[in-house]
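Engineer: Attaching a single structure in structure tokens format; questions to follow.
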Amino acid sequence: MPALSLRATLASMPHNSTAAPAEHRPLIRSKRARLGEGNLRVDIRITSALEKLDRWIEDQGFRGWDPHDGLNSPLLRFLSLRARPAGIVWLQLLKRCPVNLRGMLGIAKSYNPKGMGLFLASYVRKYRMTGDERHCAHIAFLAQWLLSNSSTGYEGLSWGYNFDWPNRSFFAPAGTPTIVNTAFIGLAFLDLYLLLGKELNWSDLAAAAQSTKRIRMLPSCTGAASGLEVARQACDFILKSLNIVRPSPDELCFSYTPLDQRLVHNANMVGARLLAAVFRQTGEPHLRAAALAAARFTSRRQLQNGAWQYGETSNDRWVDNFHTGFVLLALKQIRLCLQTDEFDKHLLAGYQFWKDQMFLPNGAPKYYPTLTYPIDIHSVAQAIITFLEFSDDDCDAVECASRTAVWGINTLQDPTGYFYYQVHRHYTIRIPYIRWAQAWMQRALVAFVYALSHDLRD
């Protein structure tokens, strides 16, 4: 079986500084051992941090600021005149400023579609673990908000951002759907179907939301019979509304938005991951074929050292921590959903590079292989999720996830519960970004607690 070969190879990899002190370990340990038995203090620290974060997020009503929301300021929007270079300048100035100027600039806290999708994925797991009706009510609110705020004018269902987004290659007006947002939201709805589908239906969600006074139920949505149907319609957007580059007959790359033809590996792979996950439920051959072709495009452009550049154009050729994690996670899920060992050598080389080169000995994630700063909260969250994904193959992975989680909690969590944005060499940006920091850290910490509780029950 391909999984055994991948596990054996990963287990034989040399341990780097992120792992525990080198010693002989059995190839496959029990689930209880792999998931932290004897390390209760760390587990309690993680659950306590999650509880504080949950309270902060819910007190905010899921609204907040974003590192890229600068053009929601009437003043900065006027000064930029919707010109991409000027917009990039204002966004970069706000992102790098340690003082939050958004209130002064008239930028209101708001819902972020990608953040709402991440929250949905987290609360699905929370409800699965606890059966707490409060979590069910949050699921109802988040799901209906997403269905009420999808982008219009495109095939299927899709989502963009709640701000104008000028970037290196194009200008995307607010609401322009992206493959990354759409795929993550589609995966969240698929989680809703897979984890709760037999226990929960849309009328149950509506009743739960209406019975919770703190949750304002949005107008009911039509055309969404199940989370699987929502995920399937997200696949339609990816296949029919995005630009597709086909450099060879058996590979393809999806564009980031319908407005560009940018070749971005993590975006391509996140889209392919959704296609593969939906294929696993529906068995539609064209979903499998597209996911396989996209995975081939990215895997074949892996660098000799095991890394992937962000993209293939001249201004996208850098390697960073959390985007590498996106690629690894997607490629491993595609491998599972499509039942193929075609990408094993790419997974092995990529995971070893990422684990060996992208972390400090204390678990702090470096931004680039050769540069530590800024240490970004997004890298912390994605590292936790990625290590957990590889826990069946790498006997040190959960220990690495714990180390990074505890470092992030100790270094980046505010006493009030939210997480800071970035640590720079001489200062820290403590702005509480709702999507970039809070939604991702909640998703990561919930994944840790869910993996622990789920595996120990098996």
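Here, A, B, ... name the chains of the structure tokens in the order displayed, residue numbers run from 1 inside each chain, and ligands are numbered from 1 in the same displayed order.
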Show which residues sit within 8 Å of A:Tyr433, as a ChimeraX atom specification. Count only C-alpha atoms, and ignore same-chain residues fewer than 4 positions away.
Structural biologist: /A:64-67,420-421,437-438
Engineer: Take the residues from that selection and write them out as an mmCIF file, in the first residue's frame, keeping C-alpha atoms.
Structural biologist:
data_model
loop_
_atom_site.group_PDB
_atom_site.id
_atom_site.type_symbol
_atom_site.label_atom_id
_atom_site.label_comp_id
_atom_site.auth_asym_id
_atom_site.auth_seq_id
_atom_site.Cartn_x
_atom_site.Cartn_y
_atom_site.Cartn_z
ATOM 1 C CA GLY A 64 -12.554 42.441 12.206
ATOM 2 C CA TRP A 65 -9.781 44.056 10.177
ATOM 3 C CA ASP A 66 -7.482 42.477 7.592
ATOM 4 C CA PRO A 67 -3.871 43.164 6.556
ATOM 5 C CA TYR A 420 -0.764 39.247 17.102
ATOM 6 C CA TYR A 421 0.103 39.552 13.418
ATOM 7 C CA ALA A 437 -4.575 35.645 12.597
ATOM 8 C CA GLN A 438 -7.728 34.744 14.534
#
Engineer: Tell me which protein, DNA and RNA residues are within 12 Å of A:Arg300, counting only C-alpha atoms, leaving out same-chain ones fewer than 6 positions away, and put them as a list in words.
Structural biologist: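 Listing them by chain and then by number gives Pro247, Ser248, Asp250, Glu251, Leu252, Cys253, His265, Leu292, Ala293, Ala294, Gly306, Ala307, Trp308, Gln309, Glu312, Glu342, Phe343, Lys345, His346, Leu347 and Gly350 of chain A.
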Engineer: For A:Ala172, please output as a ChimeraX atom specification all residues within 9 Å (counting only C-alpha atoms; exclusion window: fewer than 6 positions along the same chain).
Structural biologist: /A:160-161,163-166,257,259
Engineer: For C-alpha atoms, I'd like the residues from the last selection saved as a CSV table (one decimal), in the first residue's frame.
Structural biologist:
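Writing done, so here's out_33.csv:
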chain,number,residue,atom,x,y,z
A,160,GLY,CA,-13.8,36.9,-3.0
A,161,TYR,CA,-12.7,39.5,-0.4
A,163,PHE,CA,-12.0,44.9,0.0
A,164,ASP,CA,-10.3,46.0,-3.2
A,165,TRP,CA,-7.1,43.9,-3.6
A,166,PRO,CA,-4.2,45.4,-5.6
A,257,THR,CA,-9.1,34.8,-10.2
A,259,LEU,CA,-9.2,38.3,-14.1
Engineer: I need the residue nearest A:Asp236 from this list: A:Ser80, A:Gln92, A:Ser158, A:Asn149. Use only C-alpha atoms for the distance.
Structural biologist: A:Ser158
Engineer: Could you work out how far atom CA of A:His286 lies from atom CA of A:Ser151, giving the answer in Å with one decimal?
Structural biologist: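 Separation between atom CA of A:Ser151 and atom CA of A:His286: 24.2 Å.
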Engineer: Which neighbours of A:Ser379 fall inside 9 Å, counting only C-alpha atoms, when residues of the same chain fewer than 5 positions from it are skipped, and could you give them as a PyMOL selection string?
Structural biologist: chain A and resi 320-323+325+364-367+384
Engineer: Which residue gives the smallest distance to A:Ala267 among A:Gln302, A:Ser73, A:Thr178, A:Asn315, with only C-alpha atoms counted?
Structural biologist: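 Checking each of A:Gln302, A:Ser73, A:Thr178, A:Asn315 against A:Ala267, counting only C-alpha atoms, the winner is A:Thr178.
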Engineer: List the neighbours of A:Leu338 out to 9 Å using only C-alpha atoms; skip same-chain residues closer than 3 positions along the sequence, and give me the result as a list in words.
Structural biologist: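 The contact residues come out as Ala276, Ala277, Phe279, Arg280, Arg288, Ala291, Leu292, Gln333, Ile334 and Arg335 of chain A.
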Engineer: The selected residues should be written to file as an mmCIF file, in the first residue's frame (atoms: N, CA and C atoms).
Structural biologist:
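Heads up, here's the output in again_8.cif:
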data_model
loop_
_atom_site.group_PDB
_atom_site.id
_atom_site.type_symbol
_atom_site.label_atom_id
_atom_site.label_comp_id
_atom_site.auth_asym_id
_atom_site.auth_seq_id
_atom_site.Cartn_x
_atom_site.Cartn_y
_atom_site.Cartn_z
ATOM 1 N N ALA A 276 -10.465 17.061 -5.776
ATOM 2 C CA ALA A 276 -10.208 15.678 -5.387
ATOM 3 C C ALA A 276 -11.127 15.241 -4.246
ATOM 4 N N ALA A 277 -11.347 16.134 -3.282
ATOM 5 C CA ALA A 277 -12.198 15.788 -2.146
ATOM 6 C C ALA A 277 -13.641 15.566 -2.582
ATOM 7 N N PHE A 279 -14.547 14.714 -5.669
ATOM 8 C CA PHE A 279 -14.526 13.469 -6.458
ATOM 9 C C PHE A 279 -14.682 12.248 -5.568
ATOM 10 N N ARG A 280 -14.047 12.273 -4.419
ATOM 11 C CA ARG A 280 -14.116 11.128 -3.510
ATOM 12 C C ARG A 280 -15.550 10.828 -3.094
ATOM 13 N N ARG A 288 -11.652 14.176 -11.010
ATOM 14 C CA ARG A 288 -10.388 13.476 -10.755
ATOM 15 C C ARG A 288 -9.326 13.873 -11.772
ATOM 16 N N ALA A 291 -8.029 17.437 -11.042
ATOM 17 C CA ALA A 291 -7.204 17.471 -9.831
ATOM 18 C C ALA A 291 -5.842 16.843 -10.090
ATOM 19 N N LEU A 292 -5.823 15.733 -10.806
ATOM 20 C CA LEU A 292 -4.575 15.045 -11.114
ATOM 21 C C LEU A 292 -3.678 15.904 -12.001
ATOM 22 N N GLN A 333 -3.549 15.379 0.579
ATOM 23 C CA GLN A 333 -4.977 15.083 0.487
ATOM 24 C C GLN A 333 -5.356 14.568 -0.902
ATOM 25 N N ILE A 334 -4.745 15.124 -1.930
ATOM 26 C CA ILE A 334 -5.001 14.635 -3.293
ATOM 27 C C ILE A 334 -4.555 13.187 -3.419
ATOM 28 N N ARG A 335 -3.407 12.887 -2.863
ATOM 29 C CA ARG A 335 -2.892 11.515 -2.856
ATOM 30 C C ARG A 335 -3.907 10.562 -2.232
#
Engineer: Determine which residues of stretch 138-168 of chain A receive a DSSP assignment of alpha helix (DSSP H), computed from the backbone, and state them as a list in words.
Structural biologist: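 Residues of stretch 138-168 of chain A classed as alpha helix (DSSP H): His138, Ile139, Ala140, Phe141, Leu142, Ala143, Gln144, Trp145, Leu146, Leu147 and Ser148 of chain A.
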Engineer: Selection from above, N, CA and C atoms, as a compact mmCIF listing (two decimals), in the first residue's frame, can you write it?
Structural biologist:
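The resulting part-v5.txt:
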# COMPACT_ATOMS: atom_id res chain seq x y z
N HIS A 138 -23.73 28.81 15.76
CA HIS A 138 -22.69 29.52 15.01
C HIS A 138 -22.53 28.92 13.61
N ILE A 139 -22.62 27.61 13.50
CA ILE A 139 -22.53 26.96 12.19
C ILE A 139 -23.63 27.50 11.28
N ALA A 140 -24.85 27.59 11.81
CA ALA A 140 -25.97 28.08 11.02
C ALA A 140 -25.72 29.50 10.53
N PHE A 141 -25.27 30.36 11.42
CA PHE A 141 -25.03 31.75 11.05
C PHE A 141 -23.93 31.84 9.99
N LEU A 142 -22.83 31.16 10.21
CA LEU A 142 -21.70 31.23 9.28
C LEU A 142 -22.07 30.67 7.91
N ALA A 143 -22.75 29.53 7.90
CA ALA A 143 -23.13 28.92 6.62
C ALA A 143 -24.08 29.81 5.85
N GLN A 144 -25.06 30.35 6.52
CA GLN A 144 -26.02 31.20 5.80
C GLN A 144 -25.40 32.52 5.38
N TRP A 145 -24.50 33.06 6.19
CA TRP A 145 -23.83 34.29 5.75
C TRP A 145 -23.04 34.02 4.48
N LEU A 146 -22.34 32.93 4.42
CA LEU A 146 -21.54 32.61 3.23
C LEU A 146 -22.42 32.41 2.01
N LEU A 147 -23.53 31.72 2.18
CA LEU A 147 -24.42 31.49 1.04
C LEU A 147 -25.09 32.79 0.59
N SER A 148 -25.28 33.71 1.51
CA SER A 148 -25.89 34.99 1.16
C SER A 148 -24.89 35.99 0.57
Engineer: Considering only C-alpha atoms, can you say which of A:Gly70, A:Pro258, A:Pro285, A:Pro98 comes closest to A:Arg430?
Structural biologist: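 Of A:Gly70, A:Pro258, A:Pro285, A:Pro98, the one nearest A:Arg430, counting only C-alpha atoms, is A:Pro98.
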Engineer: Between atom CA of A:Gly227 and atom CA of A:Met441, what is the distance in Å, rounded to a tenth?
Structural biologist: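 Value for the atom CA of A:Gly227-atom CA of A:Met441 distance: 23.4 Å.
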Engineer: Enumerate the residues of stretch 204-350 of chain A with a DSSP assignment of strand (DSSP E or B), computed from the backbone, and present them as a list in words.
Structural biologist: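 Selecting the strand (DSSP E or B) positions of stretch 204-350 of chain A gives Ile244, Val245, Arg246, Pro247, Ser248, Glu251, Leu252, Cys253, Phe254, Val264 and Gly311 of chain A.
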